[in-house]
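First up is the structure itself, then whatever we jot down about it.
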Amino acid sequence: MSPAPPPAAPVDPARGALRPLGVDQVTISGGFWAERQRVNATATLAHCEAWMERLGWLANFDRVADRSTGGDRPGWSFSDSEVYKLLEALCWEVGRTGDANAETAIKRLTARIARAQDPDGYLNTCYGHGTRPARYSDLETGHELYNVGHLLQAAVARLRTTGSDDLVDVARRAADHVCETFGPHGREAICGHPEIEVGLSEFGRALGEPRYLEQAALFLDRRGHGLLSDIPLGRAYFQDDMPIREADVWRGHAVRALYLTAAAVDVAVDRGDDELLAAVRRQWERSVARRTYLTGGMGSRHQDEGFGEDWELPPDRAYCETCAGVGSVMVSWRLFLATGDARYTDLIERTLYNVVAASPDSAGTAFFYANPLHQRTPATQVGADEVSPRAEAGVRAPWFEVSCCPTNVARTLAGLTAYLATTDDDGLQIHQYATGRITAGLPGGRHIAVRVNTHYPADGTIRVRVTSPEPAEWTLSLRVPAWATGATITDEGRTRPAGPGTVRVRRTFHPGDEIVLELPVRPRFTWPDPRIDAVRGCVAVERGPEVLCVESGDLPDPDRLDALVIDPAAGISEVVRGRFTAGTEHRWPYAQAPATAPDASEWFGVPLLPYHSWARRGPAAMRVWLPVAGS
Ligand SMILES: [Zn+2]
C-alpha cells in the first residue's frame, strides 16, 4: 500500500499520536467559522494587500530589485514578513476553495518578491542593499531570519496545496542561504525573534529535506547561551536567558516564546527527543496554569509585550496580543498531534473563540491588536484611513505601524479547517465543531466521510452523519471540552454520559448512521484562583467555549460600569443580576476602615455578550471579571 499523500495542512509531523487532515479534506460550510472564513477571503486578504501597497511595503521589494532602496525605506524591519503571511493566507485560501483571485494574487506577489532575491539566496528589503545597513548587522532587532521563517511557512502552504512553483523555489534558495550562513560551519548566531526555526522545520518536512530540520535544531540549541546582546528588557525578552530544555515556564516576549516553542515541538517530535518534548509540556502546564487569561490570551505586560510573573494577570492591563493567540494555537496543535491529549485542543478552542475571533471586525477590515479583559473608558475610534500605533487597547484599527496581527488572523482563518479533525489507523477524531464535511482515508483502503451539522456554539447539539458509501468498521472520537459537565452522546438510539476528554464510538458504520453529541452550552459562572489578586472577589461568565462580558452601553447608566456589582446567588441566564454601588467621590481613595460601599440602586438585569463581539457597536467600556456584591 502506498503511503497517504501529505495533508494540505500547516503541520505534518514525522510521527505522533494523530495525523492532521488537510484543508481539502475538511470543509466548513455554515455557522460561526464559515462566516469568518468568508469575510477573511472576500475582504481581509485584499485589505491587507492594499495597505501594504499603500504604505510602500510591497514596493520595498521593487526598490531592491531596481537598486533604488535607501534611507527612506518605509516600514519596520519585519514588514517583509507581513507580505509572506498574506501569501500564506492566500495559499491556504487557494487550497481550501481554489479561489482564482487568490491564485492571481499569489503569482503577482511572488513575482515581485522573486525579483528582490540576491543571487546567493539572501532576501530582505531592509538590510544589505544600497545605503541600507549591512546584512546580519543587527541580529537582536533586525528580524532578517524571522522574515525568512514566514516566507518558508508560506512556501509550505503552497507546496501542500498546489505544489512546487516560483514561490517554493524562492523559499528554497532563501533556506539554503540561511543554512550556509548559519550552519554548523557558519556563523554561530541566532535571530532576536524566533520564527526561522518553525519555518525551517516544516519546510524541511514538506520537501523531505532533513538539513532544514537540523538547522532548526541548531538554532534551538544555540539559544539560551547569551549569543544575543543583553538589552534593557533582559535576555529573557528573546528567550536567550536559558536553554529551552531547562526552562519551566514561558517568559519574555509572548509571541517570541510561542513561536520558539512551536519549533521545539517539531524538532523534538521528528528527532524522537523525548527530553525536549517533556520540557515543552512542562512549560505549557505551568504557563497555562499560572500565566494565561480566561480568554486564552497570553502576555500581561505592555512594556515588553510579554508574560508576567505567575498570577500576574491584570484584566485592564492585559496585553494578550492577537499574535500571541495565534502562537498559542500553533504550540498547542503541535503538542496535541504529538500526544493526543484533549487539554491542548481545549485551549485551542478557548483561544480561537476568545482571542483570534475577537480581533477582526464584522467587515474583516479592522483588528484588535491587544485584547484586554477590562476596558475602563471607551477608546477613541480609529478612522478607516488611519494607521494606528500598534496597540491602543479597546479599538479595532484598519492597520498598524507594527501590523503583525491582521495577517496572522488572515493566515489562521484561511487555514483553520486544518485544525478541526485528525485521523489515526483506527478512525476519525473531531476536535472543533462546525457544520461541514470531513473525509479521510484509513489503512486497508477504508474510506471515511462524515457530515457535521451544528449551530455550535449558539447551541450544543452536534450531529455527525456518516456519508461514506460503504460500511466500514472504525472509531469516531469526539472531544468533550473540560467545561461540558453533563455532556451526552447518542448512538443507535442509546444515550450515555460523555465525560470531559474524548468520547469514542467504535463499530461498523453504515451510510446514514448518525451520532449526536450534546454539549451543555448554558451560561455558567467561573471563579478565579485567589492568587490572581487583580480579579479576587470577581466572577466571570462563560457560555460553551465563549467568554462573556458586560459592555457599558447595556447598563442603565453607561458611565458606571466600574460601580457594577453582581449577585451570583440570583442565578444566571444570558443576564445576571446587578446593581451599582454608591461610588461616592473620595478625595483620597483609601481609609482606616474597609469601605462599606452602600447599595445605591435597585437590582437590574445585566445583559451579557460574547467577549469576541465586544466593541462591535462602537467604542465602549467593558469588563469580563465582575465584582461580586458584598465581597
Ligand atoms: Zn501581532
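Just remember, in the C-alpha cells the first chain shown is A, the second B, etc., residues are 1-based per chain, and ligands are 1-based in the order shown.
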9 Å contact set for Leu109 (chain A), only C-alpha atoms, chain neighbours under 5 positions out, as a PyMOL selection string: chain A and resi 58+83+87+104+114
Tell me, counting only C-alpha atoms and all ligand atoms, for each residue of chain A within 9 Å of ligand 1, which pair of atoms is nearest and how far apart they are in Å to one decimal, in rows ordered by chain and increasing number, as CSV.
residue,atom,partner,partner_atom_place_in_ligand_line,distance
A:Val255,CA,ligand 1,1 (Zn),7.9
A:Glu321,CA,ligand 1,1 (Zn),5.7
A:Thr322,CA,ligand 1,1 (Zn),5.5
A:Cys323,CA,ligand 1,1 (Zn),4.1
A:Ala324,CA,ligand 1,1 (Zn),7.0
A:Val326,CA,ligand 1,1 (Zn),8.9
A:Tyr369,CA,ligand 1,1 (Zn),5.9
A:Ala370,CA,ligand 1,1 (Zn),8.1
A:Arg390,CA,ligand 1,1 (Zn),8.4
A:Ala391,CA,ligand 1,1 (Zn),8.8
A:Val402,CA,ligand 1,1 (Zn),7.6
A:Ser403,CA,ligand 1,1 (Zn),6.5
A:Cys404,CA,ligand 1,1 (Zn),4.0
A:Cys405,CA,ligand 1,1 (Zn),3.6
A:Pro406,CA,ligand 1,1 (Zn),7.4
A:Thr407,CA,ligand 1,1 (Zn),8.6
A:Asn408,CA,ligand 1,1 (Zn),7.1
A:Val409,CA,ligand 1,1 (Zn),9.0
Let me see the file: selected residues, N, CA, C and O atoms, as a PDB file, in the first residue's frame.
ATOM      1  N   VAL A 255       4.985  36.362  21.895  1.00  0.00           N
ATOM      2  CA  VAL A 255       4.980  35.793  20.542  1.00  0.00           C
ATOM      3  C   VAL A 255       6.312  35.100  20.272  1.00  0.00           C
ATOM      4  O   VAL A 255       6.351  33.990  19.713  1.00  0.00           O
ATOM      5  N   GLU A 321      -1.730  39.961  23.080  1.00  0.00           N
ATOM      6  CA  GLU A 321      -1.634  40.284  21.655  1.00  0.00           C
ATOM      7  C   GLU A 321      -2.314  39.197  20.820  1.00  0.00           C
ATOM      8  O   GLU A 321      -2.181  38.001  21.096  1.00  0.00           O
ATOM      9  N   THR A 322      -3.027  39.626  19.803  1.00  0.00           N
ATOM     10  CA  THR A 322      -3.687  38.667  18.915  1.00  0.00           C
ATOM     11  C   THR A 322      -2.688  37.644  18.382  1.00  0.00           C
ATOM     12  O   THR A 322      -2.986  36.448  18.319  1.00  0.00           O
ATOM     13  N   CYS A 323      -1.494  38.092  18.029  1.00  0.00           N
ATOM     14  CA  CYS A 323      -0.469  37.174  17.509  1.00  0.00           C
ATOM     15  C   CYS A 323      -0.065  36.124  18.548  1.00  0.00           C
ATOM     16  O   CYS A 323       0.294  35.008  18.181  1.00  0.00           O
ATOM     17  N   ALA A 324      -0.087  36.496  19.830  1.00  0.00           N
ATOM     18  CA  ALA A 324       0.235  35.506  20.858  1.00  0.00           C
ATOM     19  C   ALA A 324      -0.841  34.419  20.889  1.00  0.00           C
ATOM     20  O   ALA A 324      -0.545  33.251  21.141  1.00  0.00           O
ATOM     21  N   VAL A 326      -2.427  33.399  18.222  1.00  0.00           N
ATOM     22  CA  VAL A 326      -2.076  32.558  17.073  1.00  0.00           C
ATOM     23  C   VAL A 326      -0.900  31.633  17.434  1.00  0.00           C
ATOM     24  O   VAL A 326      -0.920  30.435  17.150  1.00  0.00           O
ATOM     25  N   TYR A 369      -5.433  44.521  18.263  1.00  0.00           N
ATOM     26  CA  TYR A 369      -4.036  44.100  18.443  1.00  0.00           C
ATOM     27  C   TYR A 369      -3.883  43.556  19.858  1.00  0.00           C
ATOM     28  O   TYR A 369      -3.479  42.431  20.060  1.00  0.00           O
ATOM     29  N   ALA A 370      -4.227  44.390  20.862  1.00  0.00           N
ATOM     30  CA  ALA A 370      -4.250  43.948  22.254  1.00  0.00           C
ATOM     31  C   ALA A 370      -5.671  43.517  22.601  1.00  0.00           C
ATOM     32  O   ALA A 370      -6.634  44.032  22.022  1.00  0.00           O
ATOM     33  N   ARG A 390       0.606  50.699  17.487  1.00  0.00           N
ATOM     34  CA  ARG A 390       0.322  49.272  17.408  1.00  0.00           C
ATOM     35  C   ARG A 390      -0.734  48.724  18.354  1.00  0.00           C
ATOM     36  O   ARG A 390      -1.428  47.802  18.020  1.00  0.00           O
ATOM     37  N   ALA A 391      -0.872  49.239  19.521  1.00  0.00           N
ATOM     38  CA  ALA A 391      -1.709  48.507  20.471  1.00  0.00           C
ATOM     39  C   ALA A 391      -2.583  49.397  21.319  1.00  0.00           C
ATOM     40  O   ALA A 391      -2.602  49.286  22.529  1.00  0.00           O
ATOM     41  N   VAL A 402       3.103  48.706  13.482  1.00  0.00           N
ATOM     42  CA  VAL A 402       3.572  47.317  13.579  1.00  0.00           C
ATOM     43  C   VAL A 402       2.341  46.461  13.304  1.00  0.00           C
ATOM     44  O   VAL A 402       1.489  46.315  14.152  1.00  0.00           O
ATOM     45  N   SER A 403       2.226  45.928  12.102  1.00  0.00           N
ATOM     46  CA  SER A 403       0.938  45.345  11.706  1.00  0.00           C
ATOM     47  C   SER A 403       0.994  43.832  11.592  1.00  0.00           C
ATOM     48  O   SER A 403       0.542  43.241  10.617  1.00  0.00           O
ATOM     49  N   CYS A 404       1.502  43.215  12.638  1.00  0.00           N
ATOM     50  CA  CYS A 404       1.650  41.760  12.625  1.00  0.00           C
ATOM     51  C   CYS A 404       0.312  41.034  12.751  1.00  0.00           C
ATOM     52  O   CYS A 404       0.151  39.931  12.226  1.00  0.00           O
ATOM     53  N   CYS A 405      -0.644  41.640  13.470  1.00  0.00           N
ATOM     54  CA  CYS A 405      -1.854  40.887  13.823  1.00  0.00           C
ATOM     55  C   CYS A 405      -2.811  40.634  12.647  1.00  0.00           C
ATOM     56  O   CYS A 405      -3.307  39.506  12.515  1.00  0.00           O
ATOM     57  N   PRO A 406      -3.098  41.633  11.785  1.00  0.00           N
ATOM     58  CA  PRO A 406      -4.069  41.352  10.714  1.00  0.00           C
ATOM     59  C   PRO A 406      -3.681  40.170   9.827  1.00  0.00           C
ATOM     60  O   PRO A 406      -4.528  39.316   9.516  1.00  0.00           O
ATOM     61  N   THR A 407      -2.430  40.097   9.411  1.00  0.00           N
ATOM     62  CA  THR A 407      -2.038  38.987   8.529  1.00  0.00           C
ATOM     63  C   THR A 407      -1.980  37.665   9.295  1.00  0.00           C
ATOM     64  O   THR A 407      -2.178  36.599   8.708  1.00  0.00           O
ATOM     65  N   ASN A 408      -1.713  37.732  10.604  1.00  0.00           N
ATOM     66  CA  ASN A 408      -1.733  36.494  11.388  1.00  0.00           C
ATOM     67  C   ASN A 408      -3.152  35.954  11.516  1.00  0.00           C
ATOM     68  O   ASN A 408      -3.387  34.741  11.447  1.00  0.00           O
ATOM     69  N   VAL A 409      -4.110  36.858  11.699  1.00  0.00           N
ATOM     70  CA  VAL A 409      -5.516  36.447  11.703  1.00  0.00           C
ATOM     71  C   VAL A 409      -5.877  35.857  10.337  1.00  0.00           C
ATOM     72  O   VAL A 409      -6.520  34.802  10.237  1.00  0.00           O
TER      73      VAL A 409
END
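Among A:Val168, A:Val382, A:Ala410, A:Leu18, the residue with the shortest atom-to-atom distance to Gly340 (chain A), counting only C-alpha atoms, is A:Leu18.
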Region 144-235 of chain A: residues DSSP assigns to helix (DSSP H, G or I), reported as a short mmCIF file (atom, residue, chain, number, x, y, z; two decimals) with N, CA and C atoms, in the first residue's frame:
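This is the output file out.cif:
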data_model
loop_
_atom_site.label_atom_id
_atom_site.label_comp_id
_atom_site.auth_asym_id
_atom_site.auth_seq_id
_atom_site.Cartn_x
_atom_site.Cartn_y
_atom_site.Cartn_z
N GLU A 144 15.85 39.60 10.31
CA GLU A 144 16.10 39.05 8.97
C GLU A 144 15.72 37.57 8.88
N LEU A 145 16.14 36.80 9.87
CA LEU A 145 15.81 35.37 9.83
C LEU A 145 14.33 35.15 10.13
N TYR A 146 13.77 35.97 10.97
CA TYR A 146 12.33 35.91 11.26
C TYR A 146 11.54 36.04 9.96
N ASN A 147 11.91 37.02 9.15
CA ASN A 147 11.22 37.21 7.87
C ASN A 147 11.28 35.94 7.02
N VAL A 148 12.46 35.35 6.94
CA VAL A 148 12.61 34.13 6.13
C VAL A 148 11.71 33.02 6.68
N GLY A 149 11.60 32.94 7.99
CA GLY A 149 10.73 31.91 8.57
C GLY A 149 9.31 32.01 8.06
N HIS A 150 8.79 33.22 7.97
CA HIS A 150 7.43 33.38 7.45
C HIS A 150 7.36 33.07 5.95
N LEU A 151 8.42 33.39 5.22
CA LEU A 151 8.47 33.01 3.80
C LEU A 151 8.37 31.49 3.66
N LEU A 152 9.08 30.78 4.54
CA LEU A 152 9.07 29.31 4.46
C LEU A 152 7.69 28.75 4.82
N GLN A 153 7.02 29.35 5.77
CA GLN A 153 5.66 28.88 6.09
C GLN A 153 4.70 29.11 4.93
N ALA A 154 4.89 30.23 4.23
CA ALA A 154 4.07 30.47 3.04
C ALA A 154 4.36 29.41 1.98
N ALA A 155 5.63 29.08 1.82
CA ALA A 155 6.01 28.07 0.82
C ALA A 155 5.47 26.69 1.19
N VAL A 156 5.41 26.40 2.48
CA VAL A 156 4.81 25.13 2.93
C VAL A 156 3.35 25.07 2.49
N ALA A 157 2.65 26.19 2.69
CA ALA A 157 1.24 26.23 2.29
C ALA A 157 1.10 26.02 0.78
N ARG A 158 2.00 26.60 0.02
CA ARG A 158 1.95 26.46 -1.44
C ARG A 158 2.24 25.02 -1.86
N LEU A 159 3.32 24.47 -1.29
CA LEU A 159 3.70 23.10 -1.64
C LEU A 159 2.58 22.11 -1.37
N ARG A 160 1.94 22.27 -0.22
CA ARG A 160 0.97 21.26 0.21
C ARG A 160 -0.41 21.45 -0.41
N THR A 161 -0.65 22.63 -0.99
CA THR A 161 -1.95 22.84 -1.61
C THR A 161 -1.89 22.78 -3.13
N ASP A 166 7.33 29.01 -8.34
CA ASP A 166 8.34 30.04 -8.11
C ASP A 166 8.46 30.42 -6.63
N LEU A 167 7.34 30.48 -5.93
CA LEU A 167 7.39 30.82 -4.50
C LEU A 167 8.22 29.78 -3.73
N VAL A 168 7.99 28.53 -4.04
CA VAL A 168 8.73 27.46 -3.36
C VAL A 168 10.22 27.55 -3.72
N ASP A 169 10.52 27.87 -4.97
CA ASP A 169 11.92 28.00 -5.38
C ASP A 169 12.61 29.15 -4.65
N VAL A 170 11.91 30.28 -4.54
CA VAL A 170 12.46 31.42 -3.81
C VAL A 170 12.74 31.01 -2.36
N ALA A 171 11.78 30.32 -1.76
CA ALA A 171 11.92 29.91 -0.37
C ALA A 171 13.09 28.93 -0.20
N ARG A 172 13.23 28.02 -1.15
CA ARG A 172 14.31 27.04 -1.05
C ARG A 172 15.69 27.74 -1.12
N ARG A 173 15.80 28.71 -2.03
CA ARG A 173 17.08 29.42 -2.12
C ARG A 173 17.35 30.22 -0.83
N ALA A 174 16.29 30.80 -0.26
CA ALA A 174 16.46 31.56 0.99
C ALA A 174 16.85 30.62 2.14
N ALA A 175 16.22 29.46 2.19
CA ALA A 175 16.54 28.50 3.25
C ALA A 175 17.97 27.99 3.10
N ASP A 176 18.39 27.71 1.86
CA ASP A 176 19.76 27.26 1.63
C ASP A 176 20.76 28.32 2.07
N HIS A 177 20.43 29.56 1.76
CA HIS A 177 21.31 30.67 2.16
C HIS A 177 21.44 30.72 3.69
N VAL A 178 20.33 30.53 4.40
CA VAL A 178 20.36 30.54 5.86
C VAL A 178 21.23 29.40 6.38
N CYS A 179 21.07 28.21 5.78
CA CYS A 179 21.85 27.06 6.24
C CYS A 179 23.34 27.26 5.97
N GLU A 180 23.66 27.84 4.81
CA GLU A 180 25.08 28.08 4.50
C GLU A 180 25.68 29.12 5.44
N THR A 181 24.89 30.16 5.75
CA THR A 181 25.43 31.26 6.55
C THR A 181 25.51 30.92 8.03
N PHE A 182 24.51 30.16 8.53
CA PHE A 182 24.42 29.92 9.97
C PHE A 182 24.53 28.43 10.33
N ILE A 196 12.33 31.59 12.32
CA ILE A 196 13.06 30.83 11.31
C ILE A 196 13.04 29.34 11.66
N GLU A 197 13.04 29.04 12.97
CA GLU A 197 13.12 27.64 13.39
C GLU A 197 11.87 26.87 12.96
N VAL A 198 10.69 27.45 13.23
CA VAL A 198 9.44 26.75 12.91
C VAL A 198 9.24 26.72 11.39
N GLY A 199 9.75 27.75 10.71
CA GLY A 199 9.67 27.75 9.24
C GLY A 199 10.56 26.68 8.65
N LEU A 200 11.79 26.59 9.13
CA LEU A 200 12.73 25.58 8.60
C LEU A 200 12.25 24.16 8.86
N SER A 201 11.75 23.90 10.05
CA SER A 201 11.38 22.52 10.38
C SER A 201 10.23 22.05 9.48
N GLU A 202 9.24 22.91 9.26
CA GLU A 202 8.10 22.48 8.45
C GLU A 202 8.44 22.45 6.97
N PHE A 203 9.26 23.41 6.51
CA PHE A 203 9.67 23.42 5.10
C PHE A 203 10.51 22.16 4.83
N GLY A 204 11.33 21.78 5.80
CA GLY A 204 12.10 20.54 5.67
C GLY A 204 11.19 19.32 5.56
N ARG A 205 10.13 19.31 6.38
CA ARG A 205 9.16 18.21 6.30
C ARG A 205 8.49 18.19 4.93
N ALA A 206 8.08 19.38 4.47
CA ALA A 206 7.32 19.45 3.23
C ALA A 206 8.16 19.03 2.03
N LEU A 207 9.47 19.30 2.09
CA LEU A 207 10.35 18.97 0.96
C LEU A 207 11.07 17.65 1.15
N PRO A 210 16.08 16.88 5.24
CA PRO A 210 16.44 16.83 6.67
C PRO A 210 17.39 17.95 7.10
N ARG A 211 18.13 18.52 6.16
CA ARG A 211 19.08 19.58 6.50
C ARG A 211 18.37 20.77 7.15
N TYR A 212 17.15 21.05 6.74
CA TYR A 212 16.45 22.21 7.29
C TYR A 212 16.03 21.96 8.74
N LEU A 213 15.58 20.75 9.01
CA LEU A 213 15.24 20.42 10.40
C LEU A 213 16.50 20.49 11.27
N GLU A 214 17.63 20.02 10.74
CA GLU A 214 18.87 20.07 11.51
C GLU A 214 19.27 21.51 11.81
N GLN A 215 19.04 22.40 10.84
CA GLN A 215 19.37 23.81 11.07
C GLN A 215 18.44 24.40 12.13
N ALA A 216 17.17 24.01 12.10
CA ALA A 216 16.23 24.47 13.14
C ALA A 216 16.70 24.00 14.51
N ALA A 217 17.13 22.74 14.58
CA ALA A 217 17.60 22.19 15.86
C ALA A 217 18.85 22.93 16.34
N LEU A 218 19.71 23.28 15.38
CA LEU A 218 20.93 24.01 15.73
C LEU A 218 20.60 25.38 16.31
N PHE A 219 19.67 26.09 15.68
CA PHE A 219 19.24 27.39 16.21
C PHE A 219 18.66 27.22 17.62
N LEU A 220 17.87 26.17 17.83
CA LEU A 220 17.26 25.95 19.15
C LEU A 220 18.34 25.68 20.20
N ASP A 221 19.33 24.86 19.83
CA ASP A 221 20.38 24.52 20.79
C ASP A 221 21.25 25.72 21.12
N ARG A 222 21.42 26.61 20.16
CA ARG A 222 22.26 27.79 20.40
C ARG A 222 21.58 28.78 21.33
N ARG A 235 17.74 39.41 28.58
CA ARG A 235 17.78 38.40 27.50
C ARG A 235 16.56 37.48 27.52
#
Just asking: which residues within region 364-547 of chain A are strand (DSSP E or B) according to DSSP, as number ranges by chain? A: 367, 374-375, 387-388, 397, 399-400, 421-424, 427-430, 435-441, 447-454, 461-466, 472-480, 488-491, 494-497, 501-509, 514-518, 523-526, 538-543, 546-547
Using only C-alpha atoms, find each residue in region 269-388 of chain A having at least one atom no more than 10 Å away from region 411-420 of chain A; report its shortest atom-to-atom pair and that distance in Å (one decimal), rows by chain then rising number, as a tab-separated table.
residue	atom	partner	partner_atom	distance
A:Val326	CA	A:Thr412	CA	7.1
A:Val329	CA	A:Tyr419	CA	9.2
A:Met330	CA	A:Thr412	CA	9.5
A:Trp333	CA	A:Tyr419	CA	7.5
A:Thr345	CA	A:Tyr419	CA	9.0
A:Ile348	CA	A:Tyr419	CA	9.0
A:Glu349	CA	A:Leu420	CA	9.8
A:Leu352	CA	A:Thr412	CA	9.4
A:Val356	CA	A:Thr412	CA	8.3
A:Ala357	CA	A:Leu413	CA	8.9
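The protein and nucleic acid residues lying at most 9 Å from Arg251 (chain A) are A:Ala236, A:Tyr237, A:Phe238, A:Gln239, A:Ala257, A:Ser287, A:Gly299, A:Gly306, A:Phe307, A:Gly308, A:Glu309, with only C-alpha atoms considered and sequence neighbours fewer than 4 positions away removed.
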Skipping near chain neighbours, those fewer than 5 positions away, what residues fall within 9 Å of Asp118 (chain A) using only C-alpha atoms, listed as a ChimeraX atom specification? /A:65,123-124
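For the choices A:Arg290, A:His129, A:His431, A:Arg451, the atom-to-atom distance to Arg531 (chain A) is smallest for A:Arg290 when using only C-alpha atoms.
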Return the single residue from A:Tyr611, A:Pro627, A:Ile532, A:Thr502 that is closest to Leu564 (chain A), with distances computed using only C-alpha atoms. A:Pro627
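With only C-alpha atoms as the atoms that count, the minimum distance from Trp527 (chain A) to the choices A:Glu305, A:Glu542, A:Glu470, A:Glu35 is reached by A:Glu542.
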Could you give me, as a list in words, the residues within 10 Å of Arg135 (chain A), counting only C-alpha atoms and dropping anything in the same chain fewer than 2 positions from it? Tyr122, Leu123, Asn124, Cys126, Tyr127, Gly128, His129, Arg132, Pro133, Ser137, Asp138, Leu139, Gly142 and Glu144 of chain A
May I have the residues from that selection written out with C-alpha atoms, as a CSV table (one decimal), in the first residue's frame?
chain,number,residue,atom,x,y,z
A,122,TYR,CA,19.6,36.3,0.6
A,123,LEU,CA,16.2,38.0,0.6
A,124,ASN,CA,15.4,41.1,2.6
A,126,CYS,CA,15.7,46.3,5.0
A,127,TYR,CA,19.3,45.2,5.0
A,128,GLY,CA,22.1,44.6,2.6
A,129,HIS,CA,21.3,46.8,-0.3
A,132,ARG,CA,20.8,50.2,3.9
A,133,PRO,CA,22.7,48.6,6.9
A,137,SER,CA,24.4,43.6,11.3
A,138,ASP,CA,21.6,43.7,13.9
A,139,LEU,CA,20.5,40.2,14.8
A,142,GLY,CA,16.7,43.2,12.6
A,144,GLU,CA,16.1,39.1,9.0
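Reported to one decimal place, the separation of CA of Arg112 (chain A) from CA of Asp66 (chain A) is 11.0 Å.
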Selection: 7 Å around Pro243 (chain A), only C-alpha atoms, excl. self and same-chain fewer than 4 positions, as a PyMOL selection string: chain A and resi 223-225+247
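When only C-alpha atoms are used to measure the gap to Arg463 (chain A), the shortest distance among A:Ile489, A:Ala46, A:Val480, A:Val64 belongs to A:Ile489.
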In Å, how far is it from CA of Thr339 (chain A) to CA of Ala14 (chain A)? 13.2 Å
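Excluding region 95-103 of chain A itself and same-chain residues fewer than 2 positions from it, the residues having an atom within 6 Å of it are Val23, Asp24, Leu90, Trp92, Glu93, Ala105, Ile106 and Thr161 of chain A, counting only C-alpha atoms.
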Prev. selection, all heavy atoms, output as a PDB file, in the first residue's frame:
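Printed below is again.pdb as written:
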ATOM      1  N   VAL A  23      -6.746  21.041   4.365  1.00  0.00           N
ATOM      2  CA  VAL A  23      -7.842  21.975   4.089  1.00  0.00           C
ATOM      3  C   VAL A  23      -8.717  21.493   2.926  1.00  0.00           C
ATOM      4  O   VAL A  23      -9.804  22.027   2.704  1.00  0.00           O
ATOM      5  CB  VAL A  23      -7.321  23.400   3.783  1.00  0.00           C
ATOM      6  CG1 VAL A  23      -6.603  23.988   4.986  1.00  0.00           C
ATOM      7  CG2 VAL A  23      -6.410  23.408   2.558  1.00  0.00           C
ATOM      8  N   ASP A  24      -8.237  20.483   2.195  1.00  0.00           N
ATOM      9  CA  ASP A  24      -9.063  19.912   1.135  1.00  0.00           C
ATOM     10  C   ASP A  24      -9.876  18.711   1.636  1.00  0.00           C
ATOM     11  O   ASP A  24     -10.731  18.195   0.925  1.00  0.00           O
ATOM     12  CB  ASP A  24      -8.184  19.490  -0.052  1.00  0.00           C
ATOM     13  CG  ASP A  24      -7.031  18.599   0.378  1.00  0.00           C
ATOM     14  OD1 ASP A  24      -6.752  18.509   1.614  1.00  0.00           O
ATOM     15  OD2 ASP A  24      -6.397  17.984  -0.488  1.00  0.00           O
ATOM     16  N   LEU A  90      -3.186  33.414   1.420  1.00  0.00           N
ATOM     17  CA  LEU A  90      -3.687  33.227   0.041  1.00  0.00           C
ATOM     18  C   LEU A  90      -3.519  31.774  -0.398  1.00  0.00           C
ATOM     19  O   LEU A  90      -4.392  31.201  -1.061  1.00  0.00           O
ATOM     20  CB  LEU A  90      -2.942  34.159  -0.915  1.00  0.00           C
ATOM     21  CG  LEU A  90      -3.257  35.663  -0.782  1.00  0.00           C
ATOM     22  CD1 LEU A  90      -2.161  36.500  -1.436  1.00  0.00           C
ATOM     23  CD2 LEU A  90      -4.622  35.982  -1.396  1.00  0.00           C
ATOM     24  N   TRP A  92      -3.470  29.053   1.530  1.00  0.00           N
ATOM     25  CA  TRP A  92      -4.496  28.213   2.169  1.00  0.00           C
ATOM     26  C   TRP A  92      -5.854  28.445   1.521  1.00  0.00           C
ATOM     27  O   TRP A  92      -6.651  27.527   1.363  1.00  0.00           O
ATOM     28  CB  TRP A  92      -4.573  28.481   3.684  1.00  0.00           C
ATOM     29  CG  TRP A  92      -3.356  28.055   4.439  1.00  0.00           C
ATOM     30  CD1 TRP A  92      -2.624  28.809   5.309  1.00  0.00           C
ATOM     31  CD2 TRP A  92      -2.720  26.769   4.408  1.00  0.00           C
ATOM     32  NE1 TRP A  92      -1.575  28.087   5.802  1.00  0.00           N
ATOM     33  CE2 TRP A  92      -1.606  26.831   5.271  1.00  0.00           C
ATOM     34  CE3 TRP A  92      -2.967  25.569   3.736  1.00  0.00           C
ATOM     35  CZ2 TRP A  92      -0.747  25.746   5.479  1.00  0.00           C
ATOM     36  CZ3 TRP A  92      -2.119  24.491   3.925  1.00  0.00           C
ATOM     37  CH2 TRP A  92      -1.027  24.586   4.787  1.00  0.00           C
ATOM     38  N   GLU A  93      -6.098  29.685   1.133  1.00  0.00           N
ATOM     39  CA  GLU A  93      -7.377  30.002   0.503  1.00  0.00           C
ATOM     40  C   GLU A  93      -7.514  29.262  -0.828  1.00  0.00           C
ATOM     41  O   GLU A  93      -8.568  28.693  -1.138  1.00  0.00           O
ATOM     42  CB  GLU A  93      -7.466  31.521   0.306  1.00  0.00           C
ATOM     43  CG  GLU A  93      -8.855  32.033   0.080  1.00  0.00           C
ATOM     44  CD  GLU A  93      -9.823  31.639   1.177  1.00  0.00           C
ATOM     45  OE1 GLU A  93      -9.450  31.591   2.356  1.00  0.00           O
ATOM     46  OE2 GLU A  93     -10.978  31.353   0.824  1.00  0.00           O
ATOM     47  N   ALA A 105      -3.292  36.682  -7.072  1.00  0.00           N
ATOM     48  CA  ALA A 105      -2.535  37.482  -6.102  1.00  0.00           C
ATOM     49  C   ALA A 105      -1.227  36.789  -5.721  1.00  0.00           C
ATOM     50  O   ALA A 105      -0.187  37.438  -5.570  1.00  0.00           O
ATOM     51  CB  ALA A 105      -3.389  37.738  -4.859  1.00  0.00           C
ATOM     52  N   ILE A 106      -1.262  35.471  -5.573  1.00  0.00           N
ATOM     53  CA  ILE A 106      -0.035  34.736  -5.234  1.00  0.00           C
ATOM     54  C   ILE A 106       1.014  34.951  -6.322  1.00  0.00           C
ATOM     55  O   ILE A 106       2.178  35.251  -6.029  1.00  0.00           O
ATOM     56  CB  ILE A 106      -0.338  33.226  -5.078  1.00  0.00           C
ATOM     57  CG1 ILE A 106      -1.191  32.984  -3.833  1.00  0.00           C
ATOM     58  CG2 ILE A 106       0.955  32.421  -5.010  1.00  0.00           C
ATOM     59  CD1 ILE A 106      -1.787  31.590  -3.754  1.00  0.00           C
ATOM     60  N   THR A 161      -0.650  22.625  -0.989  1.00  0.00           N
ATOM     61  CA  THR A 161      -1.952  22.836  -1.609  1.00  0.00           C
ATOM     62  C   THR A 161      -1.890  22.780  -3.128  1.00  0.00           C
ATOM     63  O   THR A 161      -2.840  22.357  -3.773  1.00  0.00           O
ATOM     64  CB  THR A 161      -2.548  24.199  -1.203  1.00  0.00           C
ATOM     65  OG1 THR A 161      -1.583  25.219  -1.486  1.00  0.00           O
ATOM     66  CG2 THR A 161      -2.898  24.231   0.267  1.00  0.00           C
TER      67      THR A 161
END
